Amino acid sequence: MDTIPILKIGRALLVTIQVDMHDELAARLQDDLTNRIVECQARGVLIDISALEIVDSFIGRMLANIASVSRLLDADTVVVGMRPEVAITLVELGLGLPGVKTALNAERGLALIGGVSRHRDMDDAVDG
Amino acid sequence: MPSTVETLPIGSGDDIVRVRQKVRVRATEVKLSLVDQTKLITAASELARNALDYGKGGHADIETITAPTPGVRITFRDKGPGIADIKMALTDGYTTGNGLGHGLGGARRLVDDFTIDSSVGLGTTVVIARWKR
Amino acid sequence: MATGESRTDLARMMSENENTILRAWVVAFGSADTRISAQEIESQARQLLQALARAAASGNLSDIRRPEYGDVRDLLSAFSRSRAIQGFSPTETATFVLSLKQALFDHVRKHRTEDAAADTWTLSLLIDQLGLFTVETFQRTREELIARQREEIEELSTPVVKLWEGIVALPLIGALDSGRTQVVMQNLLEAIVQTGAEIAILDITGVPTVDTLVAQHLLKTVSAARLMGADCIISGIRPQIAQTIVQLGVQLDVVSKATLADAFALALVRTNRAVVHIRPNGKAATAPQPGGLPVAAG
């Protein structure tokens with residue numbers, strides 16, 4: 001039975017997806033993550049998809065589900081490392097990722113997780 | 001017209017992975033750009049999943065075409081319940097960021113050619129193709 | 001139509017009288033054009049004539065698509081391609097092939113009086129096919145050239161400029177159709193990866209009209225950038241454009257600024273940077289001044 005390892009980095013959990021996920025694996029990942037979030041009182045979940053050449057609606061749904069469940073447990077979900085060709089395809093496919101934040105890499109992603117964000121809100125920005 | 005066809009079964013999640021891998025190989029042979037390859041494989045993945053989830057399983061015929069323009073064509077056939085309203089199924093409404101937008105409309109935007117044939121009780125056949133620019 | 005025996009006779013006629021026919025051909029073609037040397041023309045003509053004779057020896061004088069004419073087609077393709085690339089006209093290119101008729105007819109008239117009419121007809125049809133083939137290849141080469149030029153233009157007209165650490169700008173020039181949008185997205189996303197940009201400014205000063213479709217393309221680009229962790233600001237919205245957008249009811253759900261400068265200023269704020277005015281005495285002013293020279297701290 002193979003599982004996807006979940007690493008703890010401070011108050012965040014890091015998951016790196018490197019294989020073609022099938023239904024069982026996806027379900028198991030969601031279960032494992034949900035448990036770990038509660039266990040560690042994680043503030044956020046980082047999902048590294050830099051190894052994924054394809055993101056279809058199945059993976060998209062998985063990511064959105066993780067985000068929904070995490071939100072209920074008061075944790076952010078940040079997807080990092082999306083490849084350009086995947087981003088272009090997702091946009092064409094019309095697949096939104098509701099509730100999912102995105103960042104270029106894990107380092108940036110960590111900065112997005114809970115508490116003080118480095119970025120101010122666009123709306124609050126002072127002009128000039 | 002010179003071409004080579006290979007048929008793969010679609011009966012499980014692993015089969016969908018195999019379809020993706022085979023389409024990748026063919027797309028590489030024909031030298032589609034990375035973005036075009038990604039779009040084609042993603043569309044194939046969506047349709048294979050449809051065949052599995054809604055069509056009760058089926059087959060994918062993967063074809064490489066070399067002349068007059070190189071390209072890859074895939075035919076998805078299932079013997080499922082069929083689609084009652086194809087037009088409805090195709091208009092999933094293009095949204096930018098909201099909604100999970102799965103379905104045929106999205107897959108159609110990813111490919112050059114898209115044909116669908118479906119009748120209630122007789123199953124569904126979808127043919128998609130991407131050509132080298 | 002020539003008989004079987006007559007056909008192979010024609011083939012033999014071509015090979016045995018190569019030099020005479022060749023000379024007549026080159027004369028008929030005329031070499032007033034200095035783009036190609038007389039030697040080159042003669043060499044190409046000789047190769048073609050020899051290949052033609054060999055092909056005709058098979059007895060097939062009616063279908064150039066058969067394998068016997070493989071060499072002939074290859075030679076004509078190469079010839080056509082090079083002429084197309086060099087900028088010759090389709091007529092100039094086809095004339096080379098068609099003028100062979102003259103040379104061959106002359107020869108047939110002088111030396112084969114019994115079958116002259118039939119032979120002439122056969123040769124005419126054959127050379128016509130070759131002429132058409134030449135033009136087709138020529139066309140295709142031109143189309144390839146145009147396609148490649150179009151790609152280059154698309155690439156050139158969507159440069160990505162790094163304005164500052166983490167901030168890139170994409171000045172869009174010209175109409176934004178779906179083809180261009182693909183190139184724009186690719187260039188932008190690649191730049192985001194390479195520069196690690198967090199903010200991308202899409203400047204549409206150079207985009208003539210913004211209708212619902214263009215807005216959709218812009219929003220697609222914005223969404224794609226967001227998936228890579230970068231936020232977008234649209235700048236360069238001219239007053240008329242702003243009015244059109246409102247009139248059309250287009251929803252442009254992105255932060256937008258009138259000028260690139262404004263957008264850059266906002267981007268600096270967003271990335272926690274400030275522009276400081278250094279007074280003549282060398283000391284910094286206490287508050288950052290808007291619109292100052294980019295002598296930014298950090």
# chains A, B, ... in the order shown; residues from 1 in each chain; ligands from 1
>>> closest_atom_pairs(of="chain C", to="chain B", cutoff="9 Å", atoms="only C-alpha atoms", output="tab-separated table")
residue	atom	partner	partner_atom	distance
C:Ala147	CA	B:Arg133	CA	9.0
C:Gln186	CA	B:Val35	CA	8.6
C:Gln216	CA	B:Thr96	CA	8.6
C:Leu219	CA	B:Thr96	CA	7.2
C:Lys220	CA	B:Thr96	CA	6.9
C:Ser223	CA	B:Thr96	CA	6.9
>>> write_last_selection(atoms="C-alpha atoms", output="mmCIF file, in the first residue's frame")
data_model
loop_
_atom_site.group_PDB
_atom_site.id
_atom_site.type_symbol
_atom_site.label_atom_id
_atom_site.label_comp_id
_atom_site.auth_asym_id
_atom_site.auth_seq_id
_atom_site.Cartn_x
_atom_site.Cartn_y
_atom_site.Cartn_z
ATOM 1 C CA ALA C 147 3.907 30.842 -41.106
ATOM 2 C CA GLN C 186 3.657 31.355 -22.682
ATOM 3 C CA GLN C 216 -11.732 37.270 -22.048
ATOM 4 C CA LEU C 219 -8.654 37.524 -18.025
ATOM 5 C CA LYS C 220 -7.322 34.166 -19.208
ATOM 6 C CA SER C 223 -5.777 33.603 -14.403
#
>>> interface_residues(of="chain A", to="chain B", cutoff="8 Å", atoms="only C-alpha atoms", output="NGL selection string")
:A and (20 or 22-23 or 53-57 or 60-61 or 85-86 or 88-89 or 91-98)
>>> select_by_dssp(residues="stretch 147-246 of chain C", states="alpha helix (DSSP H)", output="JSON, numbers by chain")
{"C": [147, 148, 149, 150, 151, 152, 153, 154, 155, 156, 178, 179, 180, 181, 182, 183, 184, 185, 186, 187, 188, 189, 190, 191, 192, 193, 194, 195, 212, 213, 214, 215, 216, 217, 218, 219, 220, 221, 222, 223, 224, 225, 226, 227, 239, 240, 241, 242, 243, 244, 245, 246]}
>>> write_last_selection(atoms="C-alpha atoms", output="tab-separated table (two decimals), in the first residue's frame")
chain	number	residue	atom	x	y	z
C	147	ALA	CA	3.91	30.84	-41.11
C	148	ARG	CA	7.41	31.03	-39.73
C	149	GLN	CA	7.51	34.80	-40.16
C	150	ARG	CA	4.20	35.12	-38.40
C	151	GLU	CA	5.57	33.16	-35.45
C	152	GLU	CA	8.60	35.40	-35.29
C	153	ILE	CA	6.43	38.50	-35.31
C	154	GLU	CA	4.27	37.08	-32.56
C	155	GLU	CA	7.34	36.33	-30.48
C	156	LEU	CA	8.86	39.74	-31.07
C	178	SER	CA	-6.66	33.84	-29.37
C	179	GLY	CA	-3.44	32.91	-31.19
C	180	ARG	CA	-1.55	35.88	-29.75
C	181	THR	CA	-2.96	35.17	-26.32
C	182	GLN	CA	-1.33	31.75	-26.34
C	183	VAL	CA	2.05	33.30	-27.13
C	184	VAL	CA	1.51	36.04	-24.55
C	185	MET	CA	0.67	33.50	-21.85
C	186	GLN	CA	3.66	31.35	-22.68
C	187	ASN	CA	6.08	34.27	-22.66
C	188	LEU	CA	4.61	35.70	-19.47
C	189	LEU	CA	4.60	32.44	-17.54
C	190	GLU	CA	8.12	31.64	-18.62
C	191	ALA	CA	9.23	35.07	-17.44
C	192	ILE	CA	7.50	34.52	-14.11
C	193	VAL	CA	9.41	31.28	-13.64
C	194	GLN	CA	12.73	32.78	-14.67
C	195	THR	CA	12.51	36.03	-12.73
C	212	THR	CA	-15.72	41.09	-24.79
C	213	LEU	CA	-13.37	38.67	-26.52
C	214	VAL	CA	-10.24	40.68	-25.83
C	215	ALA	CA	-11.34	41.04	-22.22
C	216	GLN	CA	-11.73	37.27	-22.05
C	217	HIS	CA	-8.22	36.82	-23.39
C	218	LEU	CA	-6.84	39.26	-20.85
C	219	LEU	CA	-8.65	37.52	-18.03
C	220	LYS	CA	-7.32	34.17	-19.21
C	221	THR	CA	-3.82	35.55	-19.08
C	222	VAL	CA	-4.44	36.96	-15.61
C	223	SER	CA	-5.78	33.60	-14.40
C	224	ALA	CA	-2.80	31.74	-15.79
C	225	ALA	CA	-0.38	34.11	-14.09
C	226	ARG	CA	-2.26	33.73	-10.83
C	227	LEU	CA	-1.92	29.96	-10.99
C	239	PRO	CA	-10.52	56.83	-21.67
C	240	GLN	CA	-12.35	55.53	-24.76
C	241	ILE	CA	-11.42	51.98	-23.87
C	242	ALA	CA	-12.71	52.48	-20.35
C	243	GLN	CA	-16.03	53.73	-21.72
C	244	THR	CA	-16.31	50.86	-24.21
C	245	ILE	CA	-15.67	48.33	-21.47
C	246	VAL	CA	-18.42	49.79	-19.32
>>> select_by_dssp(residues="stretch 116-195 of chain C", states="strand (DSSP E)", output="PyMOL selection string")
chain C and resi 161-164+167-173
>>> closest_residue(among="C:Leu163, C:Leu145, C:Ala274, C:Met228", to="chain A", atoms="only C-alpha atoms")
C:Met228
>>> residues_around(residues="C:Glu136", least_positions_apart="4", cutoff="10 Å", atoms="only C-alpha atoms", output="mmCIF file with C-alpha atoms, in the first residue's frame")
data_model
loop_
_atom_site.group_PDB
_atom_site.id
_atom_site.type_symbol
_atom_site.label_atom_id
_atom_site.label_comp_id
_atom_site.auth_asym_id
_atom_site.auth_seq_id
_atom_site.Cartn_x
_atom_site.Cartn_y
_atom_site.Cartn_z
ATOM 1 C CA SER C 77 10.869 20.000 -55.101
ATOM 2 C CA SER C 80 11.019 24.930 -56.327
ATOM 3 C CA PRO C 90 5.649 31.261 -59.302
ATOM 4 C CA ALA C 94 7.140 27.181 -63.556
ATOM 5 C CA LEU C 130 5.575 18.538 -63.841
ATOM 6 C CA GLY C 131 4.801 22.240 -64.139
ATOM 7 C CA LEU C 132 1.827 21.959 -61.772
ATOM 8 C CA ARG C 140 3.788 25.185 -49.980
ATOM 9 C CA THR C 141 7.253 26.584 -49.372
ATOM 10 C CA ARG C 142 5.910 30.127 -49.451
#
>>> residues_around(residues="A:Glu24", least_positions_apart="6", cutoff="12 Å", atoms="only C-alpha atoms", output="PyMOL selection string")
(chain A and resi 1-4+30-31+62) or (chain B and resi 12-14)
>>> closest_residue(among="A:Ala67, A:Arg11, A:Glu107, A:Val78", to="A:Thr34", atoms="only C-alpha atoms")
A:Ala67
>>> residues_around(residues="stretch 42-51 of chain C", least_positions_apart="6", cutoff="7 Å", atoms="only C-alpha atoms", output="number ranges by chain")
C: 15, 22, 26, 71-72, 75
>>> residues_around(residues="stretch 55-64 of chain B", least_positions_apart="6", cutoff="7 Å", atoms="only C-alpha atoms", output="PyMOL selection string")
chain B and resi 3-11+26+71-81+123
>>> write_last_selection(atoms="N, CA and C atoms", output="tab-separated table (two decimals), in the first residue's frame")
chain	number	residue	atom	x	y	z
B	3	SER	N	-1.15	6.00	-41.29
B	3	SER	CA	-1.43	6.17	-39.86
B	3	SER	C	-1.25	4.84	-39.15
B	4	THR	N	-1.10	4.91	-37.83
B	4	THR	CA	-0.99	3.69	-37.04
B	4	THR	C	-1.94	3.82	-35.86
B	5	VAL	N	-2.76	2.79	-35.65
B	5	VAL	CA	-3.75	2.84	-34.57
B	5	VAL	C	-3.46	1.82	-33.50
B	6	GLU	N	-3.68	2.22	-32.26
B	6	GLU	CA	-3.54	1.30	-31.15
B	6	GLU	C	-4.77	1.45	-30.26
B	7	THR	N	-5.32	0.33	-29.82
B	7	THR	CA	-6.52	0.40	-28.99
B	7	THR	C	-6.20	0.03	-27.55
B	8	LEU	N	-6.61	0.88	-26.63
B	8	LEU	CA	-6.40	0.60	-25.21
B	8	LEU	C	-7.75	0.49	-24.50
B	9	PRO	N	-7.87	-0.45	-23.56
B	9	PRO	CA	-9.12	-0.57	-22.81
B	9	PRO	C	-9.21	0.52	-21.75
B	10	ILE	N	-10.43	0.91	-21.42
B	10	ILE	CA	-10.63	1.84	-20.31
B	10	ILE	C	-11.57	1.17	-19.34
B	11	GLY	N	-10.97	0.60	-18.28
B	11	GLY	CA	-11.80	-0.12	-17.32
B	11	GLY	C	-11.45	0.22	-15.89
B	26	ARG	N	2.81	9.24	-28.50
B	26	ARG	CA	2.43	9.58	-29.87
B	26	ARG	C	2.62	11.06	-30.15
B	71	GLY	N	-0.23	14.58	-36.87
B	71	GLY	CA	-1.09	14.84	-35.73
B	71	GLY	C	-1.44	13.56	-35.01
B	72	VAL	N	-2.22	13.72	-33.93
B	72	VAL	CA	-2.68	12.56	-33.17
B	72	VAL	C	-4.19	12.63	-33.05
B	73	ARG	N	-4.83	11.51	-33.31
B	73	ARG	CA	-6.29	11.46	-33.21
B	73	ARG	C	-6.67	10.35	-32.24
B	74	ILE	N	-7.61	10.62	-31.33
B	74	ILE	CA	-8.04	9.59	-30.38
B	74	ILE	C	-9.55	9.47	-30.41
B	75	THR	N	-10.01	8.22	-30.47
B	75	THR	CA	-11.45	7.95	-30.47
B	75	THR	C	-11.81	7.23	-29.19
B	76	PHE	N	-12.73	7.81	-28.44
B	76	PHE	CA	-13.20	7.20	-27.20
B	76	PHE	C	-14.57	6.60	-27.43
B	77	ARG	N	-14.67	5.30	-27.15
B	77	ARG	CA	-15.96	4.64	-27.34
B	77	ARG	C	-16.40	4.00	-26.04
B	78	ASP	N	-17.64	4.23	-25.64
B	78	ASP	CA	-18.17	3.50	-24.49
B	78	ASP	C	-19.57	3.02	-24.80
B	79	LYS	N	-20.00	2.00	-24.03
B	79	LYS	CA	-21.34	1.45	-24.25
B	79	LYS	C	-22.22	1.81	-23.06
B	80	GLY	N	-22.04	3.04	-22.58
B	80	GLY	CA	-22.80	3.47	-21.43
B	80	GLY	C	-24.19	3.95	-21.81
B	81	PRO	N	-24.84	4.66	-20.90
B	81	PRO	CA	-26.21	5.08	-21.12
B	81	PRO	C	-26.38	6.14	-22.21
B	123	GLY	N	-24.67	4.38	-26.06
B	123	GLY	CA	-23.28	4.71	-25.76
B	123	GLY	C	-22.83	6.00	-26.42
>>> atom_distance(atom1="atom CA of C:His111", atom2="atom CA of C:Asn19")
15.3 Å
>>> residues_around(residues="C:Pro67", least_positions_apart="6", cutoff="12 Å", atoms="only C-alpha atoms", output="JSON, numbers by chain")
{"C": [54, 55, 56, 58, 60, 73, 74]}
>>> write_last_selection(atoms="N, CA and C atoms", output="PDB file, in the first residue's frame")
ATOM      1  N   ARG C  54      15.211   8.743 -67.490  1.00  0.00           N
ATOM      2  CA  ARG C  54      15.202   7.471 -66.756  1.00  0.00           C
ATOM      3  C   ARG C  54      13.773   7.086 -66.394  1.00  0.00           C
ATOM      4  N   ALA C  55      13.029   8.061 -65.948  1.00  0.00           N
ATOM      5  CA  ALA C  55      11.645   7.778 -65.550  1.00  0.00           C
ATOM      6  C   ALA C  55      10.826   7.359 -66.761  1.00  0.00           C
ATOM      7  N   ALA C  56      11.033   8.060 -67.861  1.00  0.00           N
ATOM      8  CA  ALA C  56      10.272   7.748 -69.073  1.00  0.00           C
ATOM      9  C   ALA C  56      10.613   6.370 -69.604  1.00  0.00           C
ATOM     10  N   SER C  58      10.737   3.776 -68.099  1.00  0.00           N
ATOM     11  CA  SER C  58       9.871   2.765 -67.488  1.00  0.00           C
ATOM     12  C   SER C  58       8.630   2.532 -68.320  1.00  0.00           C
ATOM     13  N   ASN C  60       6.166   4.663 -68.370  1.00  0.00           N
ATOM     14  CA  ASN C  60       5.106   5.512 -67.818  1.00  0.00           C
ATOM     15  C   ASN C  60       5.369   6.964 -68.201  1.00  0.00           C
ATOM     16  N   ARG C  73      10.589  14.156 -59.040  1.00  0.00           N
ATOM     17  CA  ARG C  73       9.841  14.987 -58.078  1.00  0.00           C
ATOM     18  C   ARG C  73      10.784  15.589 -57.046  1.00  0.00           C
ATOM     19  N   ASP C  74      11.750  14.768 -56.601  1.00  0.00           N
ATOM     20  CA  ASP C  74      12.698  15.292 -55.616  1.00  0.00           C
ATOM     21  C   ASP C  74      13.455  16.484 -56.178  1.00  0.00           C
TER      22      ASP C  74
END
>>> closest_residue(among="A:Met82, A:Ala75, A:Ile113, A:Val15", to="A:Ser50", atoms="only C-alpha atoms")
A:Met82
>>> decode(residues="stretch 38-82 of chain B", atoms="N, CA and C atoms", output="mmCIF file, in the first residue's frame")
data_model
loop_
_atom_site.group_PDB
_atom_site.id
_atom_site.type_symbol
_atom_site.label_atom_id
_atom_site.label_comp_id
_atom_site.auth_asym_id
_atom_site.auth_seq_id
_atom_site.Cartn_x
_atom_site.Cartn_y
_atom_site.Cartn_z
ATOM 1 N N THR B 38 0.381 18.909 -23.752
ATOM 2 C CA THR B 38 -0.290 18.952 -22.458
ATOM 3 C C THR B 38 -1.795 19.083 -22.637
ATOM 4 N N LYS B 39 -2.198 19.947 -23.563
ATOM 5 C CA LYS B 39 -3.630 20.127 -23.790
ATOM 6 C C LYS B 39 -4.270 18.834 -24.279
ATOM 7 N N LEU B 40 -3.603 18.171 -25.240
ATOM 8 C CA LEU B 40 -4.170 16.950 -25.807
ATOM 9 C C LEU B 40 -4.278 15.853 -24.754
ATOM 10 N N ILE B 41 -3.212 15.668 -23.989
ATOM 11 C CA ILE B 41 -3.219 14.609 -22.973
ATOM 12 C C ILE B 41 -4.265 14.894 -21.913
ATOM 13 N N THR B 42 -4.398 16.155 -21.542
ATOM 14 C CA THR B 42 -5.397 16.502 -20.536
ATOM 15 C C THR B 42 -6.801 16.227 -21.071
ATOM 16 N N ALA B 43 -7.041 16.590 -22.318
ATOM 17 C CA ALA B 43 -8.352 16.314 -22.914
ATOM 18 C C ALA B 43 -8.609 14.813 -22.937
ATOM 19 N N ALA B 44 -7.583 14.053 -23.315
ATOM 20 C CA ALA B 44 -7.724 12.602 -23.372
ATOM 21 C C ALA B 44 -8.035 12.054 -21.989
ATOM 22 N N SER B 45 -7.369 12.602 -20.983
ATOM 23 C CA SER B 45 -7.601 12.155 -19.624
ATOM 24 C C SER B 45 -9.043 12.409 -19.215
ATOM 25 N N GLU B 46 -9.556 13.592 -19.548
ATOM 26 C CA GLU B 46 -10.942 13.929 -19.217
ATOM 27 C C GLU B 46 -11.913 12.965 -19.872
ATOM 28 N N LEU B 47 -11.690 12.722 -21.169
ATOM 29 C CA LEU B 47 -12.631 11.873 -21.905
ATOM 30 C C LEU B 47 -12.540 10.427 -21.470
ATOM 31 N N ALA B 48 -11.328 9.986 -21.157
ATOM 32 C CA ALA B 48 -11.180 8.611 -20.684
ATOM 33 C C ALA B 48 -11.910 8.456 -19.353
ATOM 34 N N ARG B 49 -11.779 9.470 -18.516
ATOM 35 C CA ARG B 49 -12.446 9.421 -17.223
ATOM 36 C C ARG B 49 -13.959 9.422 -17.398
ATOM 37 N N ASN B 50 -14.428 10.216 -18.358
ATOM 38 C CA ASN B 50 -15.867 10.223 -18.643
ATOM 39 C C ASN B 50 -16.335 8.844 -19.041
ATOM 40 N N ALA B 51 -15.556 8.205 -19.926
ATOM 41 C CA ALA B 51 -15.922 6.873 -20.395
ATOM 42 C C ALA B 51 -15.993 5.910 -19.218
ATOM 43 N N LEU B 52 -15.098 6.102 -18.260
ATOM 44 C CA LEU B 52 -15.058 5.211 -17.115
ATOM 45 C C LEU B 52 -16.186 5.507 -16.136
ATOM 46 N N ASP B 53 -16.320 6.794 -15.784
ATOM 47 C CA ASP B 53 -17.294 7.167 -14.761
ATOM 48 C C ASP B 53 -18.736 7.118 -15.255
ATOM 49 N N TYR B 54 -18.975 7.655 -16.448
ATOM 50 C CA TYR B 54 -20.354 7.714 -16.940
ATOM 51 C C TYR B 54 -20.664 6.641 -17.963
ATOM 52 N N GLY B 55 -19.613 6.192 -18.639
ATOM 53 C CA GLY B 55 -19.847 5.266 -19.747
ATOM 54 C C GLY B 55 -19.676 3.811 -19.391
ATOM 55 N N LYS B 56 -19.429 3.548 -18.108
ATOM 56 C CA LYS B 56 -19.245 2.167 -17.643
ATOM 57 C C LYS B 56 -18.059 1.492 -18.320
ATOM 58 N N GLY B 57 -17.069 2.253 -18.696
ATOM 59 C CA GLY B 57 -15.897 1.655 -19.319
ATOM 60 C C GLY B 57 -16.008 1.646 -20.829
ATOM 61 N N GLY B 58 -14.855 1.525 -21.500
ATOM 62 C CA GLY B 58 -14.880 1.521 -22.961
ATOM 63 C C GLY B 58 -13.487 1.332 -23.520
ATOM 64 N N HIS B 59 -13.250 1.964 -24.672
ATOM 65 C CA HIS B 59 -11.949 1.841 -25.321
ATOM 66 C C HIS B 59 -11.474 3.168 -25.883
ATOM 67 N N ALA B 60 -10.155 3.238 -26.063
ATOM 68 C CA ALA B 60 -9.597 4.410 -26.714
ATOM 69 C C ALA B 60 -8.736 3.946 -27.889
ATOM 70 N N ASP B 61 -9.036 4.464 -29.102
ATOM 71 C CA ASP B 61 -8.200 4.172 -30.269
ATOM 72 C C ASP B 61 -7.285 5.357 -30.461
ATOM 73 N N ILE B 62 -5.989 5.099 -30.329
ATOM 74 C CA ILE B 62 -5.035 6.183 -30.463
ATOM 75 C C ILE B 62 -4.309 6.047 -31.782
ATOM 76 N N GLU B 63 -4.365 7.118 -32.574
ATOM 77 C CA GLU B 63 -3.872 7.054 -33.944
ATOM 78 C C GLU B 63 -2.863 8.163 -34.222
ATOM 79 N N THR B 64 -1.747 7.786 -34.810
ATOM 80 C CA THR B 64 -0.779 8.801 -35.246
ATOM 81 C C THR B 64 -0.961 9.009 -36.740
ATOM 82 N N ILE B 65 -1.040 10.270 -37.143
ATOM 83 C CA ILE B 65 -1.210 10.555 -38.559
ATOM 84 C C ILE B 65 0.007 11.322 -39.039
ATOM 85 N N THR B 66 0.542 10.898 -40.211
ATOM 86 C CA THR B 66 1.770 11.535 -40.677
ATOM 87 C C THR B 66 1.574 12.442 -41.891
ATOM 88 N N ALA B 67 0.525 12.197 -42.649
ATOM 89 C CA ALA B 67 0.330 13.037 -43.841
ATOM 90 C C ALA B 67 -1.148 13.339 -44.035
ATOM 91 N N PRO B 68 -1.520 14.495 -44.619
ATOM 92 C CA PRO B 68 -0.661 15.589 -45.047
ATOM 93 C C PRO B 68 -0.094 16.416 -43.889
ATOM 94 N N THR B 69 -0.818 16.501 -42.775
ATOM 95 C CA THR B 69 -0.270 17.194 -41.610
ATOM 96 C C THR B 69 -0.124 16.189 -40.483
ATOM 97 N N PRO B 70 1.026 16.208 -39.796
ATOM 98 C CA PRO B 70 1.200 15.261 -38.685
ATOM 99 C C PRO B 70 0.284 15.615 -37.521
ATOM 100 N N GLY B 71 -0.231 14.579 -36.868
ATOM 101 C CA GLY B 71 -1.089 14.841 -35.735
ATOM 102 C C GLY B 71 -1.442 13.560 -35.008
ATOM 103 N N VAL B 72 -2.225 13.716 -33.933
ATOM 104 C CA VAL B 72 -2.678 12.562 -33.171
ATOM 105 C C VAL B 72 -4.188 12.633 -33.049
ATOM 106 N N ARG B 73 -4.831 11.508 -33.305
ATOM 107 C CA ARG B 73 -6.289 11.459 -33.212
ATOM 108 C C ARG B 73 -6.674 10.351 -32.244
ATOM 109 N N ILE B 74 -7.613 10.622 -31.334
ATOM 110 C CA ILE B 74 -8.041 9.593 -30.376
ATOM 111 C C ILE B 74 -9.555 9.468 -30.412
ATOM 112 N N THR B 75 -10.007 8.225 -30.470
ATOM 113 C CA THR B 75 -11.447 7.949 -30.474
ATOM 114 C C THR B 75 -11.808 7.225 -29.193
ATOM 115 N N PHE B 76 -12.733 7.811 -28.436
ATOM 116 C CA PHE B 76 -13.196 7.198 -27.200
ATOM 117 C C PHE B 76 -14.573 6.599 -27.427
ATOM 118 N N ARG B 77 -14.665 5.305 -27.154
ATOM 119 C CA ARG B 77 -15.957 4.640 -27.342
ATOM 120 C C ARG B 77 -16.397 3.996 -26.043
ATOM 121 N N ASP B 78 -17.636 4.228 -25.642
ATOM 122 C CA ASP B 78 -18.166 3.503 -24.486
ATOM 123 C C ASP B 78 -19.567 3.015 -24.802
ATOM 124 N N LYS B 79 -20.003 2.003 -24.030
ATOM 125 C CA LYS B 79 -21.344 1.447 -24.251
ATOM 126 C C LYS B 79 -22.219 1.812 -23.063
ATOM 127 N N GLY B 80 -22.036 3.037 -22.584
ATOM 128 C CA GLY B 80 -22.795 3.467 -21.426
ATOM 129 C C GLY B 80 -24.188 3.949 -21.808
ATOM 130 N N PRO B 81 -24.840 4.659 -20.902
ATOM 131 C CA PRO B 81 -26.215 5.078 -21.123
ATOM 132 C C PRO B 81 -26.378 6.143 -22.214
ATOM 133 N N GLY B 82 -25.279 6.790 -22.613
ATOM 134 C CA GLY B 82 -25.398 7.808 -23.639
ATOM 135 C C GLY B 82 -25.808 9.156 -23.040
#
